[in-house]
file final-v2.txt (compact mmCIF, C-alpha atoms and all ligand atoms)
# COMPACT_ATOMS: atom_id res chain seq x y z
CA MET H 1266 18.64 -23.76 5.98
CA ARG H 1267 18.18 -20.87 3.61
CA ALA H 1268 16.83 -21.32 0.08
CA ILE H 1269 19.87 -19.83 -1.64
CA GLU H 1270 22.10 -22.49 -0.04
CA ALA H 1271 19.83 -25.26 -1.32
CA ASP H 1272 19.74 -23.84 -4.89
CA MET H 1273 16.12 -23.06 -4.30
CA VAL H 1274 14.20 -19.89 -4.89
CA SER H 1275 10.77 -18.74 -3.93
CA CYS H 1276 8.72 -17.29 -6.78
CA HIS H 1277 8.03 -13.67 -5.90
CA ALA H 1278 4.62 -13.83 -7.57
CA CYS H 1279 3.09 -17.12 -6.40
CA HIS H 1280 5.34 -18.23 -3.50
CA ALA H 1281 6.09 -21.57 -5.19
CA THR H 1282 9.37 -23.07 -4.06
CA VAL H 1283 11.44 -24.03 -7.08
CA ARG H 1284 14.79 -25.79 -7.25
CA ILE H 1285 16.67 -23.85 -9.92
CA GLY H 1286 19.16 -26.65 -10.70
CA GLU H 1287 16.29 -28.95 -11.65
CA ASP H 1288 14.91 -26.68 -14.32
CA PRO H 1289 15.52 -28.37 -17.67
CA GLY H 1290 14.73 -25.27 -19.74
CA LYS H 1291 17.49 -23.26 -21.30
CA GLY H 1292 18.31 -19.70 -20.41
CA GLU H 1293 16.45 -17.84 -17.71
CA PRO H 1294 14.48 -20.15 -15.41
CA HIS H 1295 10.75 -19.61 -15.08
CA CYS H 1296 8.29 -20.55 -12.38
CA PRO H 1297 6.51 -23.81 -13.32
CA ARG H 1298 3.37 -22.69 -11.51
CA CYS H 1299 2.84 -19.13 -12.73
CA GLY H 1300 5.45 -18.48 -15.42
CA GLU H 1301 7.26 -15.56 -13.78
CA ALA H 1302 11.02 -15.26 -14.32
CA LEU H 1303 13.00 -16.61 -11.37
CA ALA H 1304 16.25 -15.24 -9.99
CA PHE H 1305 18.06 -15.77 -6.70
CA ARG H 1306 18.69 -12.07 -6.20
CA ASP H 1307 18.44 -8.98 -8.32
CA TYR H 1308 21.62 -7.10 -7.42
CA THR H 1309 20.84 -4.26 -9.85
CA SER H 1310 17.88 -3.37 -7.63
CA MET H 1311 20.33 -1.62 -5.27
CA GLN H 1312 21.06 1.04 -7.90
CA THR H 1313 17.36 1.56 -8.54
CA VAL H 1314 16.73 2.01 -4.83
CA TRP H 1315 19.61 4.52 -4.52
CA ALA H 1316 18.29 6.49 -7.51
CA LEU H 1317 14.78 6.62 -6.06
CA VAL H 1318 16.02 7.64 -2.60
CA ILE H 1319 18.10 10.46 -4.07
CA ALA H 1320 15.14 11.57 -6.19
CA SER H 1321 12.93 11.60 -3.09
CA ILE H 1322 15.42 13.83 -1.24
CA VAL H 1323 15.45 16.23 -4.19
CA PHE H 1324 11.63 16.35 -4.25
CA TYR H 1325 11.47 16.71 -0.48
CA ILE H 1326 13.03 20.19 -0.51
CA PRO H 1327 10.44 21.99 -2.73
CA ALA H 1328 7.71 19.88 -1.09
CA ASN H 1329 8.47 21.64 2.18
CA LEU H 1330 9.39 25.09 0.91
CA LEU H 1331 6.62 25.62 -1.64
CA PRO H 1332 3.00 26.07 -0.58
CA MET H 1333 0.62 23.08 -0.69
CA MET H 1334 -2.38 25.31 -1.34
CA HIS H 1335 -3.51 28.92 -1.70
CA VAL H 1336 -6.48 30.04 0.37
CA HIS H 1337 -8.31 33.05 -1.08
CA THR H 1338 -10.79 34.75 1.26
CA PHE H 1339 -12.28 38.23 1.54
CA ALA H 1340 -9.38 39.01 3.88
CA GLY H 1341 -6.81 38.26 1.21
CA THR H 1342 -4.75 35.33 -0.02
CA GLN H 1343 -2.86 33.01 2.28
CA SER H 1344 -0.47 30.25 1.21
CA ASP H 1345 -0.10 27.12 3.31
CA THR H 1346 3.04 25.04 3.45
CA ILE H 1347 3.20 21.74 5.33
CA LEU H 1348 4.79 23.39 8.35
CA SER H 1349 2.41 26.34 8.40
CA GLY H 1350 -0.46 23.85 8.30
CA VAL H 1351 0.90 22.13 11.40
CA LEU H 1352 1.41 25.47 13.16
CA TYR H 1353 -2.14 26.54 12.23
CA PHE H 1354 -3.63 23.48 13.94
CA MET H 1355 -1.42 24.04 17.01
CA GLU H 1356 -2.50 27.67 17.31
CA THR H 1357 -6.17 26.82 16.97
CA GLY H 1358 -5.89 24.09 19.58
CA SER H 1359 -6.36 21.03 17.34
CA TYR H 1360 -3.35 19.24 18.80
CA LEU H 1361 -4.40 15.78 17.65
CA ILE H 1362 -4.73 16.89 14.03
CA ALA H 1363 -1.46 18.84 14.31
CA ALA H 1364 0.22 15.64 15.50
CA VAL H 1365 -1.34 13.56 12.69
CA ILE H 1366 -0.09 15.99 10.01
CA PHE H 1367 3.31 16.41 11.65
CA ILE H 1368 3.85 12.64 11.82
CA ALA H 1369 2.39 11.81 8.39
CA SER H 1370 4.00 14.66 6.45
CA ILE H 1371 7.27 15.39 8.22
CA VAL H 1372 8.33 12.47 10.44
CA VAL H 1373 7.27 9.62 8.11
CA PRO H 1374 9.07 10.78 4.91
CA ILE H 1375 12.30 11.67 6.76
CA THR H 1376 12.26 8.39 8.70
CA LYS H 1377 11.69 6.41 5.50
CA ILE H 1378 14.53 8.11 3.65
CA LEU H 1379 16.96 7.69 6.59
CA ILE H 1380 16.11 4.02 7.13
CA LEU H 1381 16.50 3.24 3.42
CA ILE H 1382 19.91 4.96 3.30
CA TYR H 1383 21.01 3.08 6.43
CA LEU H 1384 19.91 -0.25 4.93
CA LEU H 1385 21.53 0.45 1.54
CA VAL H 1386 24.83 1.40 3.19
CA SER H 1387 24.81 -1.60 5.52
CA VAL H 1388 24.16 -4.00 2.63
CA GLN H 1389 26.95 -2.48 0.55
CA LYS H 1390 29.43 -2.39 3.44
CA GLY H 1391 28.59 -6.01 4.15
CA THR H 1392 27.70 -5.48 7.80
CA ILE H 1393 26.46 -8.63 9.45
CA ASP H 1394 24.97 -7.58 12.77
CA ASN H 1395 21.30 -7.54 13.73
CA PRO H 1396 19.67 -8.73 10.49
CA LYS H 1397 16.40 -9.18 12.34
CA LYS H 1398 16.40 -5.60 13.60
CA LYS H 1399 17.21 -4.27 10.13
CA GLN H 1400 14.39 -6.32 8.66
CA LYS H 1401 12.01 -4.81 11.21
CA LEU H 1402 13.14 -1.33 10.14
CA TYR H 1403 12.52 -2.27 6.52
CA LEU H 1404 9.05 -3.65 7.17
CA PHE H 1405 8.30 -0.49 9.13
CA THR H 1406 9.11 1.70 6.12
CA GLU H 1407 6.83 -0.44 3.97
CA LEU H 1408 4.03 -0.19 6.52
CA ILE H 1409 4.13 3.59 6.99
CA GLY H 1410 4.80 4.45 3.35
CA LYS H 1411 1.36 5.31 2.08
CA TRP H 1412 0.30 7.28 5.16
CA SER H 1413 2.19 10.36 3.97
CA MET H 1414 -0.52 10.75 1.33
CA VAL H 1415 -2.81 12.29 3.98
CA ASP H 1416 -1.71 15.83 3.19
CA VAL H 1417 -2.19 15.37 -0.55
CA TYR H 1418 -5.76 14.17 0.09
CA VAL H 1419 -6.43 17.09 2.41
CA VAL H 1420 -5.51 19.49 -0.42
CA ALA H 1421 -7.77 17.57 -2.83
CA ILE H 1422 -10.74 17.61 -0.45
CA MET H 1423 -10.30 21.26 0.52
CA ILE H 1424 -10.28 22.47 -3.08
CA ALA H 1425 -13.40 20.39 -3.80
CA LEU H 1426 -15.38 22.00 -0.98
CA VAL H 1427 -14.07 25.52 -0.84
CA HIS H 1428 -14.88 26.74 -4.31
CA PHE H 1429 -17.17 29.76 -4.16
CA GLY H 1430 -16.07 31.76 -7.16
CA GLY H 1431 -13.50 34.46 -6.49
CA LEU H 1432 -14.85 35.15 -3.02
CA THR H 1433 -13.66 32.17 -1.03
CA GLN H 1434 -11.60 29.64 -2.87
CA ILE H 1435 -8.81 27.17 -2.27
CA GLU H 1436 -6.36 26.22 -5.01
CA ALA H 1437 -3.78 23.45 -5.09
CA ALA H 1438 -0.16 24.63 -5.31
CA SER H 1439 3.03 23.03 -6.58
CA GLY H 1440 4.25 21.90 -3.13
CA ALA H 1441 1.51 19.27 -3.18
CA THR H 1442 2.79 17.76 -6.44
CA PHE H 1443 6.36 17.58 -5.09
CA PHE H 1444 5.06 16.02 -1.92
CA LEU H 1445 3.18 13.41 -3.96
CA LEU H 1446 6.44 12.64 -5.77
CA VAL H 1447 8.22 12.13 -2.43
CA VAL H 1448 5.57 9.62 -1.36
CA VAL H 1449 5.62 7.72 -4.66
CA THR H 1450 9.43 7.55 -4.98
CA THR H 1451 9.94 6.38 -1.39
CA MET H 1452 7.18 3.78 -1.75
CA ILE H 1453 8.70 2.33 -4.91
CA ALA H 1454 12.19 2.44 -3.34
CA ALA H 1455 10.94 0.38 -0.38
CA MET H 1456 9.27 -2.12 -2.74
CA LYS H 1457 12.42 -2.57 -4.82
CA PHE H 1458 14.70 -3.11 -1.82
CA ASP H 1459 15.48 -6.80 -1.27
CA VAL H 1460 15.76 -7.54 2.48
CA ARG H 1461 17.22 -10.95 1.78
CA LEU H 1462 20.51 -9.21 0.94
CA ILE H 1463 20.83 -8.27 4.61
CA TRP H 1464 20.44 -11.91 5.59
CA ASP H 1465 22.89 -12.95 2.87
CA ASN H 1466 25.58 -10.85 4.58
CA ALA H 1467 24.86 -12.45 7.94
CA GLN H 1468 25.00 -15.85 6.23
CA LYS H 1469 28.44 -15.22 4.69
CA GLU H 1470 29.81 -14.40 8.12
CA ARG H 1471 28.41 -17.60 9.60
CA ASP H 1472 29.87 -19.72 6.80
CA GLY H 1473 33.21 -18.41 7.26
CA MET X 424 -7.84 -33.46 3.66
CA GLY X 425 -4.76 -35.43 4.68
CA THR X 426 -1.58 -34.09 6.16
CA HIS X 427 0.39 -32.15 3.63
CA THR X 428 4.01 -31.28 3.86
CA HIS X 429 4.47 -27.92 2.28
CA ILE X 430 7.73 -26.16 1.73
CA VAL X 431 7.47 -22.41 1.95
CA VAL X 432 10.38 -20.01 1.59
CA CYS X 433 10.23 -16.84 3.67
CA HIS X 434 10.21 -13.83 1.33
CA GLU X 435 12.01 -11.69 3.89
CA CYS X 436 14.92 -13.80 5.17
CA ASP X 437 14.98 -16.70 2.63
CA GLU X 438 14.59 -19.43 5.26
CA ILE X 439 13.11 -22.73 4.06
CA VAL X 440 10.14 -23.52 6.26
CA ASN X 441 8.42 -26.87 6.47
CA VAL X 442 4.73 -26.30 7.06
CA VAL X 443 3.35 -29.68 8.10
CA ASP X 444 -0.33 -28.84 7.96
CA PRO X 445 -0.99 -25.60 6.08
CA TYR X 446 -4.76 -26.18 6.13
CA LYS X 447 -5.00 -25.94 9.90
CA GLU X 448 -6.43 -22.61 11.02
CA GLY X 449 -3.82 -20.24 12.36
CA ARG X 450 -0.97 -17.85 11.70
CA TYR X 451 2.19 -19.34 10.27
CA LYS X 452 5.38 -17.52 11.14
CA CYS X 453 8.95 -17.87 9.92
CA PRO X 454 11.09 -19.49 12.65
CA ARG X 455 14.17 -17.48 11.70
CA CYS X 456 12.89 -13.92 11.37
CA GLY X 457 9.37 -14.13 12.84
CA HIS X 458 7.67 -12.72 9.74
CA LEU X 459 4.10 -13.84 9.04
CA LEU X 460 4.28 -16.33 6.15
CA PHE X 461 0.53 -16.66 5.73
CA ARG X 462 -2.68 -16.87 7.69
CA GLN X 463 -5.22 -19.62 7.34
CA LYS X 464 -8.86 -19.07 8.23
CA HIS X 465 -11.75 -21.50 7.83
CA GLY X 466 -14.17 -20.60 5.09
CA MET X 467 -11.75 -18.16 3.48
CA ILE X 468 -13.43 -18.42 0.07
CA GLU X 469 -16.96 -17.83 1.40
CA LYS X 470 -15.76 -14.92 3.54
CA MET X 471 -13.84 -13.32 0.68
CA PHE X 472 -16.85 -13.60 -1.65
CA ALA X 473 -19.16 -12.07 0.98
CA LEU X 474 -16.72 -9.26 1.81
CA GLY X 475 -16.20 -8.57 -1.89
CA LEU X 476 -19.96 -8.22 -2.44
CA ALA X 477 -20.30 -5.97 0.61
CA ALA X 478 -17.41 -3.79 -0.57
CA ALA X 479 -18.92 -3.49 -4.06
CA ILE X 480 -22.31 -2.34 -2.69
CA LEU X 481 -20.69 0.14 -0.29
CA PHE X 482 -18.47 1.48 -3.04
CA GLY X 483 -21.52 2.03 -5.25
CA LEU X 484 -23.27 3.95 -2.45
CA THR X 485 -20.13 6.01 -1.84
CA ASN X 486 -20.06 7.19 -5.42
CA TYR X 487 -23.77 7.83 -5.76
CA PHE X 488 -24.44 10.10 -2.80
CA PRO X 489 -22.77 13.36 -1.76
CA PHE X 490 -19.74 12.96 0.43
CA LEU X 491 -19.47 16.19 2.36
CA SER X 492 -21.28 19.49 2.12
CA PHE X 493 -19.90 22.79 3.25
CA GLU X 494 -21.67 26.04 4.01
CA VAL X 495 -20.14 29.44 4.50
CA ILE X 496 -22.11 32.69 4.72
CA GLY X 497 -25.02 31.55 2.60
CA ASN X 498 -22.90 29.72 0.04
CA ARG X 499 -23.23 26.00 -0.10
CA ALA X 500 -20.98 23.46 -1.80
CA GLU X 501 -21.55 19.75 -2.08
CA ALA X 502 -18.79 17.37 -3.00
CA ASN X 503 -19.13 13.82 -4.13
CA PHE X 504 -16.26 11.44 -4.55
CA LEU X 505 -15.18 12.76 -7.93
CA THR X 506 -15.49 16.49 -7.27
CA SER X 507 -11.91 16.83 -6.02
CA VAL X 508 -10.60 15.12 -9.16
CA GLN X 509 -12.72 17.47 -11.32
CA TYR X 510 -11.26 20.58 -9.71
CA LEU X 511 -7.71 19.21 -9.85
CA ILE X 512 -8.16 18.72 -13.59
CA GLU X 513 -9.64 22.20 -13.91
CA GLU X 514 -6.60 23.64 -12.15
CA GLN X 515 -4.40 21.54 -14.45
CA GLU X 516 -2.82 19.67 -11.55
CA TRP X 517 -2.58 16.54 -13.69
CA LEU X 518 -0.31 14.50 -11.44
CA LEU X 519 -2.42 15.16 -8.37
CA ALA X 520 -5.61 14.39 -10.29
CA VAL X 521 -4.25 11.07 -11.56
CA ALA X 522 -2.87 10.10 -8.13
CA VAL X 523 -6.11 10.86 -6.29
CA LEU X 524 -8.23 9.17 -8.96
CA MET X 525 -6.05 6.04 -9.04
CA THR X 526 -5.48 5.50 -5.32
CA THR X 527 -9.00 6.22 -4.07
CA LEU X 528 -11.19 5.14 -6.98
CA VAL X 529 -9.63 3.15 -9.81
CA VAL X 530 -7.32 0.81 -7.87
CA PRO X 531 -9.79 0.05 -5.06
CA SER X 532 -12.61 -0.67 -7.53
CA ILE X 533 -10.32 -2.87 -9.64
CA ARG X 534 -9.36 -4.79 -6.49
CA ILE X 535 -13.01 -5.32 -5.55
CA ALA X 536 -13.77 -6.51 -9.10
CA LEU X 537 -10.79 -8.90 -8.98
CA VAL X 538 -11.90 -10.36 -5.65
CA LEU X 539 -15.41 -10.97 -7.05
CA ALA X 540 -14.08 -12.41 -10.33
CA LEU X 541 -11.85 -14.82 -8.42
CA PHE X 542 -13.84 -15.82 -5.34
CA GLY X 543 -17.25 -15.84 -7.08
CA PRO X 544 -16.38 -18.85 -9.27
CA LEU X 545 -14.33 -20.44 -6.45
CA TYR X 546 -17.37 -20.21 -4.20
CA PHE X 547 -19.34 -22.21 -6.77
CA GLY X 548 -16.55 -24.76 -7.03
CA LYS X 549 -14.99 -23.60 -10.30
CA VAL X 550 -11.37 -22.59 -10.73
CA PRO X 551 -11.31 -19.92 -13.47
CA GLY X 552 -8.52 -20.06 -16.03
CA TYR X 553 -7.62 -16.43 -15.35
CA ALA X 554 -6.99 -17.13 -11.64
CA PRO X 555 -3.16 -16.80 -11.84
CA GLY X 556 -3.44 -13.39 -13.51
CA VAL X 557 -5.94 -12.20 -10.91
CA LEU X 558 -3.74 -13.41 -8.05
CA LYS X 559 -0.75 -11.53 -9.45
CA LEU X 560 -2.79 -8.34 -9.96
CA LEU X 561 -4.15 -8.52 -6.41
CA ASP X 562 -0.56 -8.64 -5.19
CA GLN X 563 0.67 -5.78 -7.36
CA THR X 564 -2.21 -3.39 -6.72
CA LEU X 565 -2.24 -3.79 -2.92
CA PRO X 566 0.14 -0.93 -1.99
CA TRP X 567 -1.69 1.54 -4.26
CA ALA X 568 -5.17 1.21 -2.77
CA MET X 569 -5.28 3.98 -0.18
CA VAL X 570 -8.89 4.30 0.95
CA ASP X 571 -7.81 4.13 4.60
CA VAL X 572 -5.38 7.02 4.17
CA PHE X 573 -8.04 9.01 2.32
CA LEU X 574 -10.40 8.52 5.26
CA VAL X 575 -7.85 10.12 7.60
CA GLY X 576 -7.51 12.94 5.05
CA VAL X 577 -11.29 13.46 5.22
CA PHE X 578 -11.19 13.80 9.01
CA VAL X 579 -8.30 16.26 8.88
CA SER X 580 -10.13 18.36 6.25
CA MET X 581 -13.31 18.36 8.33
CA VAL X 582 -11.45 19.76 11.33
CA LYS X 583 -9.88 22.40 9.10
CA LEU X 584 -13.22 23.34 7.49
CA VAL X 585 -15.18 23.51 10.75
CA LYS X 586 -13.24 26.67 11.52
CA MET X 587 -14.34 28.26 8.23
CA GLY X 588 -17.99 27.24 8.01
CA THR X 589 -20.46 24.41 8.54
CA VAL X 590 -19.49 20.91 7.44
CA ILE X 591 -22.12 18.21 7.00
CA ALA X 592 -21.19 14.58 6.49
CA GLY X 593 -23.20 12.88 3.72
CA ILE X 594 -24.51 9.31 3.47
CA SER X 595 -21.62 8.48 1.26
CA LEU X 596 -19.06 9.24 3.99
CA TRP X 597 -20.67 6.64 6.27
CA ALA X 598 -20.73 4.08 3.46
CA PHE X 599 -17.09 4.86 2.78
CA LEU X 600 -16.16 4.45 6.45
CA VAL X 601 -17.72 0.98 6.57
CA MET X 602 -16.08 0.09 3.25
CA VAL X 603 -12.63 0.91 4.65
CA PHE X 604 -13.23 -1.64 7.42
CA VAL X 605 -14.61 -4.22 4.98
CA MET X 606 -11.51 -3.86 2.80
CA ALA X 607 -9.25 -4.20 5.84
CA ALA X 608 -11.10 -7.39 6.81
CA MET X 609 -10.59 -8.64 3.24
CA GLN X 610 -6.85 -8.17 3.63
CA THR X 611 -6.63 -10.16 6.86
CA THR X 612 -8.82 -12.97 5.47
CA TYR X 613 -7.02 -13.30 2.15
CA ASN X 614 -4.51 -16.16 1.90
CA ALA X 615 -2.81 -16.24 -1.50
CA HIS X 616 -0.90 -19.43 -0.65
CA MET X 617 -4.12 -21.41 -0.35
CA VAL X 618 -5.62 -20.08 -3.59
CA TRP X 619 -2.42 -20.88 -5.50
CA ASP X 620 -2.65 -24.43 -4.10
CA ILE X 621 -6.24 -24.71 -5.32
CA VAL X 622 -5.22 -23.45 -8.78
CA GLU X 623 -2.37 -25.95 -8.99
CA THR X 624 -4.49 -28.89 -7.82
CA ALA X 625 -7.17 -28.04 -10.37
CA ARG X 626 -4.58 -27.87 -13.13
CA ARG X 627 -3.11 -31.26 -12.19
CA ARG X 628 -6.55 -32.82 -12.28
CA GLU X 629 -7.09 -31.52 -15.82
CA ARG X 630 -3.99 -33.22 -17.15
ZN ZN N 1 5.41 -18.46 -9.54
ZN ZN N 2 11.90 -15.32 7.58
call {"tool": "encode", "arguments": {"input": "final-v2.txt", "output": "structure tokens", "more": "lines below"}}
Ligand SMILES: [Zn+2]
Ligand SMILES: [Zn+2]
result
Amino acid sequence: MRAIEADMVSCHACHATVRIGEDPGKGEPHCPRCGEALAFRDYTSMQTVWALVIASIVFYIPANLLPMMHVHTFAGTQSDTILSGVLYFMETGSYLIAAVIFIASIVVPITKILILIYLLVSVQKGTIDNPKKKQKLYLFTELIGKWSMVDVYVVAIMIALVHFGGLTQIEAASGATFFLLVVVTTMIAAMKFDVRLIWDNAQKERDG
Amino acid sequence: MGTHTHIVVCHECDEIVNVVDPYKEGRYKCPRCGHLLFRQKHGMIEKMFALGLAAAILFGLTNYFPFLSFEVIGNRAEANFLTSVQYLIEEQEWLLAVAVLMTTLVVPSIRIALVLALFGPLYFGKVPGYAPGVLKLLDQTLPWAMVDVFLVGVFVSMVKLVKMGTVIAGISLWAFLVMVFVMAAMQTTYNAHMVWDIVETARRRER
């Protein structure tokens, strides 16, 4: 049996199982163990997730088009975008590093955004099939979320080490900030998404 | 300890799960969706306290010694943990500076402090009054501690820099590497369900 059918809810903060009907307090029920507000589902979270996903798509465009950093050397100035960074590692034979950057900076953000859109649409359309598979997809987006930060850290480390006056110097560029915003918005979107809504749909079908 | 019947609700699929003996060592999974509900290890409190102390020492070492040094045609640069944040501020990349500072320094050190503040007293048999707050903060800060991702960033940068000059790994990088593993071990040892039970039992006894 599922908690929502039994008028029970699990506190998101302390995992206590509380029967909502039993709560004698007036107004919004609170967790007797830790004091957090309890609610069966937060349906407004869907809008928040949509807003964050759309924001992440908007940030994703300049993140890819604008350079992540400027490299000044005696030979001149060169600007690196995410893609040119990947190509650089391929050309110089560092295939493993090229793969790491390609996966962390290109595959991971796109995959996250697509999975979140798919889950949002399937919750809103009330589709009932494969809740377990959809949950796996969701947990996957949560798991991979922070790994896109790799490229932001690379920029930070490079500018710390390559700083020899005007001669040889690396500077951060605006692409890095947009990329950071993509990572942060998709991470918060994944946190705000409530997987139980997927199971609620499957439940409704079973009941009738 | 006798046999407890504990009702746990799966946070993913909302299934009510009856855990007959939550104090038995093992991994407890949701029968409906297969998600890991919690993991119980013997000596969790001792292990968490020890790992917290180890992480604190390693973190101190990481911040005290140089991290990487880089040499190119007679010029030499040494970076410690905060150098990148310094330059980001200098270049007025405020968002990047805040993000790097928070995810690699502030949040991880807060988490280590929280673990020590919670499991230190628990180790000596005391349940601190601030335990609920600490448990909640440990939960909320978890996604924003990114030392493991930073480590991958360091390796990528090293490969990039090797082509431009000479890169030398400092003591602090080795300390940091070990710390990443210690913090990962902390995460697999930690069982919030059990600590909440301890907090609740202590509170009932007080009444
Ligand atoms: Zn609670
Ligand atoms: Zn479940």
call {"tool": "interface_residues", "arguments": {"input": "final-v2.txt", "of": "chain H", "to": "chain X", "cutoff": "8 Å", "atoms": "only C-alpha atoms", "output": "PDB file with C-alpha atoms, in the coordinates of the input"}}
result
ATOM      1  CA  MET H1266      18.640 -23.760   5.980  1.00  0.00           C
ATOM      2  CA  ARG H1267      18.180 -20.870   3.610  1.00  0.00           C
ATOM      3  CA  ALA H1268      16.830 -21.320   0.080  1.00  0.00           C
ATOM      4  CA  ILE H1269      19.870 -19.830  -1.640  1.00  0.00           C
ATOM      5  CA  VAL H1274      14.200 -19.890  -4.890  1.00  0.00           C
ATOM      6  CA  SER H1275      10.770 -18.740  -3.930  1.00  0.00           C
ATOM      7  CA  HIS H1277       8.030 -13.670  -5.900  1.00  0.00           C
ATOM      8  CA  ALA H1278       4.620 -13.830  -7.570  1.00  0.00           C
ATOM      9  CA  CYS H1279       3.090 -17.120  -6.400  1.00  0.00           C
ATOM     10  CA  HIS H1280       5.340 -18.230  -3.500  1.00  0.00           C
ATOM     11  CA  ALA H1281       6.090 -21.570  -5.190  1.00  0.00           C
ATOM     12  CA  THR H1282       9.370 -23.070  -4.060  1.00  0.00           C
ATOM     13  CA  ARG H1298       3.370 -22.690 -11.510  1.00  0.00           C
ATOM     14  CA  CYS H1299       2.840 -19.130 -12.730  1.00  0.00           C
ATOM     15  CA  PHE H1354      -3.630  23.480  13.940  1.00  0.00           C
ATOM     16  CA  SER H1359      -6.360  21.030  17.340  1.00  0.00           C
ATOM     17  CA  ILE H1362      -4.730  16.890  14.030  1.00  0.00           C
ATOM     18  CA  LYS H1397      16.400  -9.180  12.340  1.00  0.00           C
ATOM     19  CA  GLN H1400      14.390  -6.320   8.660  1.00  0.00           C
ATOM     20  CA  LYS H1411       1.360   5.310   2.080  1.00  0.00           C
ATOM     21  CA  TRP H1412       0.300   7.280   5.160  1.00  0.00           C
ATOM     22  CA  MET H1414      -0.520  10.750   1.330  1.00  0.00           C
ATOM     23  CA  VAL H1415      -2.810  12.290   3.980  1.00  0.00           C
ATOM     24  CA  ASP H1416      -1.710  15.830   3.190  1.00  0.00           C
ATOM     25  CA  VAL H1417      -2.190  15.370  -0.550  1.00  0.00           C
ATOM     26  CA  TYR H1418      -5.760  14.170   0.090  1.00  0.00           C
ATOM     27  CA  VAL H1419      -6.430  17.090   2.410  1.00  0.00           C
ATOM     28  CA  ALA H1421      -7.770  17.570  -2.830  1.00  0.00           C
ATOM     29  CA  ILE H1422     -10.740  17.610  -0.450  1.00  0.00           C
ATOM     30  CA  MET H1423     -10.300  21.260   0.520  1.00  0.00           C
ATOM     31  CA  ILE H1424     -10.280  22.470  -3.080  1.00  0.00           C
ATOM     32  CA  ALA H1425     -13.400  20.390  -3.800  1.00  0.00           C
ATOM     33  CA  LEU H1426     -15.380  22.000  -0.980  1.00  0.00           C
ATOM     34  CA  VAL H1427     -14.070  25.520  -0.840  1.00  0.00           C
ATOM     35  CA  HIS H1428     -14.880  26.740  -4.310  1.00  0.00           C
ATOM     36  CA  PHE H1429     -17.170  29.760  -4.160  1.00  0.00           C
ATOM     37  CA  GLU H1436      -6.360  26.220  -5.010  1.00  0.00           C
ATOM     38  CA  ALA H1437      -3.780  23.450  -5.090  1.00  0.00           C
ATOM     39  CA  ALA H1441       1.510  19.270  -3.180  1.00  0.00           C
ATOM     40  CA  THR H1442       2.790  17.760  -6.440  1.00  0.00           C
ATOM     41  CA  LEU H1445       3.180  13.410  -3.960  1.00  0.00           C
ATOM     42  CA  ASP H1459      15.480  -6.800  -1.270  1.00  0.00           C
ATOM     43  CA  VAL H1460      15.760  -7.540   2.480  1.00  0.00           C
ATOM     44  CA  ARG H1461      17.220 -10.950   1.780  1.00  0.00           C
ATOM     45  CA  TRP H1464      20.440 -11.910   5.590  1.00  0.00           C
TER      46      TRP H1464
END
call {"tool": "atom_distance", "arguments": {"input": "final-v2.txt", "atom1": "atom CA of Ile1368 of chain H", "atom2": "atom CA of Tyr613 of chain X"}}
result
29.7 Å
call {"tool": "residues_around", "arguments": {"input": "final-v2.txt", "residues": "Gly1440 of chain H", "least_positions_apart": "4", "cutoff": "7 Å", "atoms": "only C-alpha atoms", "output": "NGL selection string"}}
result
:H and (1327-1329 or 1331-1333 or 1444)
call {"tool": "write_last_selection", "arguments": {"input": "final-v2.txt", "atoms": "C-alpha atoms", "output": "PDB file, in the coordinates of the input"}}
result
ATOM      1  CA  PRO H1327      10.440  21.990  -2.730  1.00  0.00           C
ATOM      2  CA  ALA H1328       7.710  19.880  -1.090  1.00  0.00           C
ATOM      3  CA  ASN H1329       8.470  21.640   2.180  1.00  0.00           C
ATOM      4  CA  LEU H1331       6.620  25.620  -1.640  1.00  0.00           C
ATOM      5  CA  PRO H1332       3.000  26.070  -0.580  1.00  0.00           C
ATOM      6  CA  MET H1333       0.620  23.080  -0.690  1.00  0.00           C
ATOM      7  CA  PHE H1444       5.060  16.020  -1.920  1.00  0.00           C
TER       8      PHE H1444
END
call {"tool": "atom_distance", "arguments": {"input": "final-v2.txt", "atom1": "atom CA of Ile1375 of chain H", "atom2": "atom CA of Met1456 of chain H"}}
result
17.0 Å
call {"tool": "residues_around", "arguments": {"input": "final-v2.txt", "residues": "Val605 of chain X", "least_positions_apart": "5", "cutoff": "12 Å", "atoms": "all atoms listed in the file", "output": "count of residues only"}}
result
23
call {"tool": "residues_around", "arguments": {"input": "final-v2.txt", "residues": "Glu448 of chain X", "least_positions_apart": "5", "cutoff": "10 Å", "atoms": "only C-alpha atoms", "output": "PyMOL selection string"}}
result
chain X and resi 462-466
call {"tool": "closest_residue", "arguments": {"input": "final-v2.txt", "among": "X:Leu459, X:Met525, X:Val538, X:Val557", "to": "ligand ZN 2 (chain N)", "atoms": "only C-alpha atoms and all ligand atoms"}}
result
X:Leu459
call {"tool": "closest_residue", "arguments": {"input": "final-v2.txt", "among": "H:Ile1371, H:Ile1347, H:Leu1317, H:Met1355", "to": "Ala1455 of chain H", "atoms": "only C-alpha atoms"}}
result
H:Leu1317
call {"tool": "atom_distance", "arguments": {"input": "final-v2.txt", "atom1": "atom CA of Leu1408 of chain H", "atom2": "atom CA of Ala1369 of chain H"}}
result
12.3 Å
call {"tool": "residues_near_point", "arguments": {"input": "final-v2.txt", "point": "(-12.8, -15.1, -3.4)", "cutoff": "7 Å", "atoms": "only C-alpha atoms", "output": "list of chain:residue names"}}
result
X:Ile468, X:Glu469, X:Met471, X:Phe472, X:Val538, X:Leu539, X:Leu541, X:Phe542, X:Gly543, X:Leu545, X:Tyr546
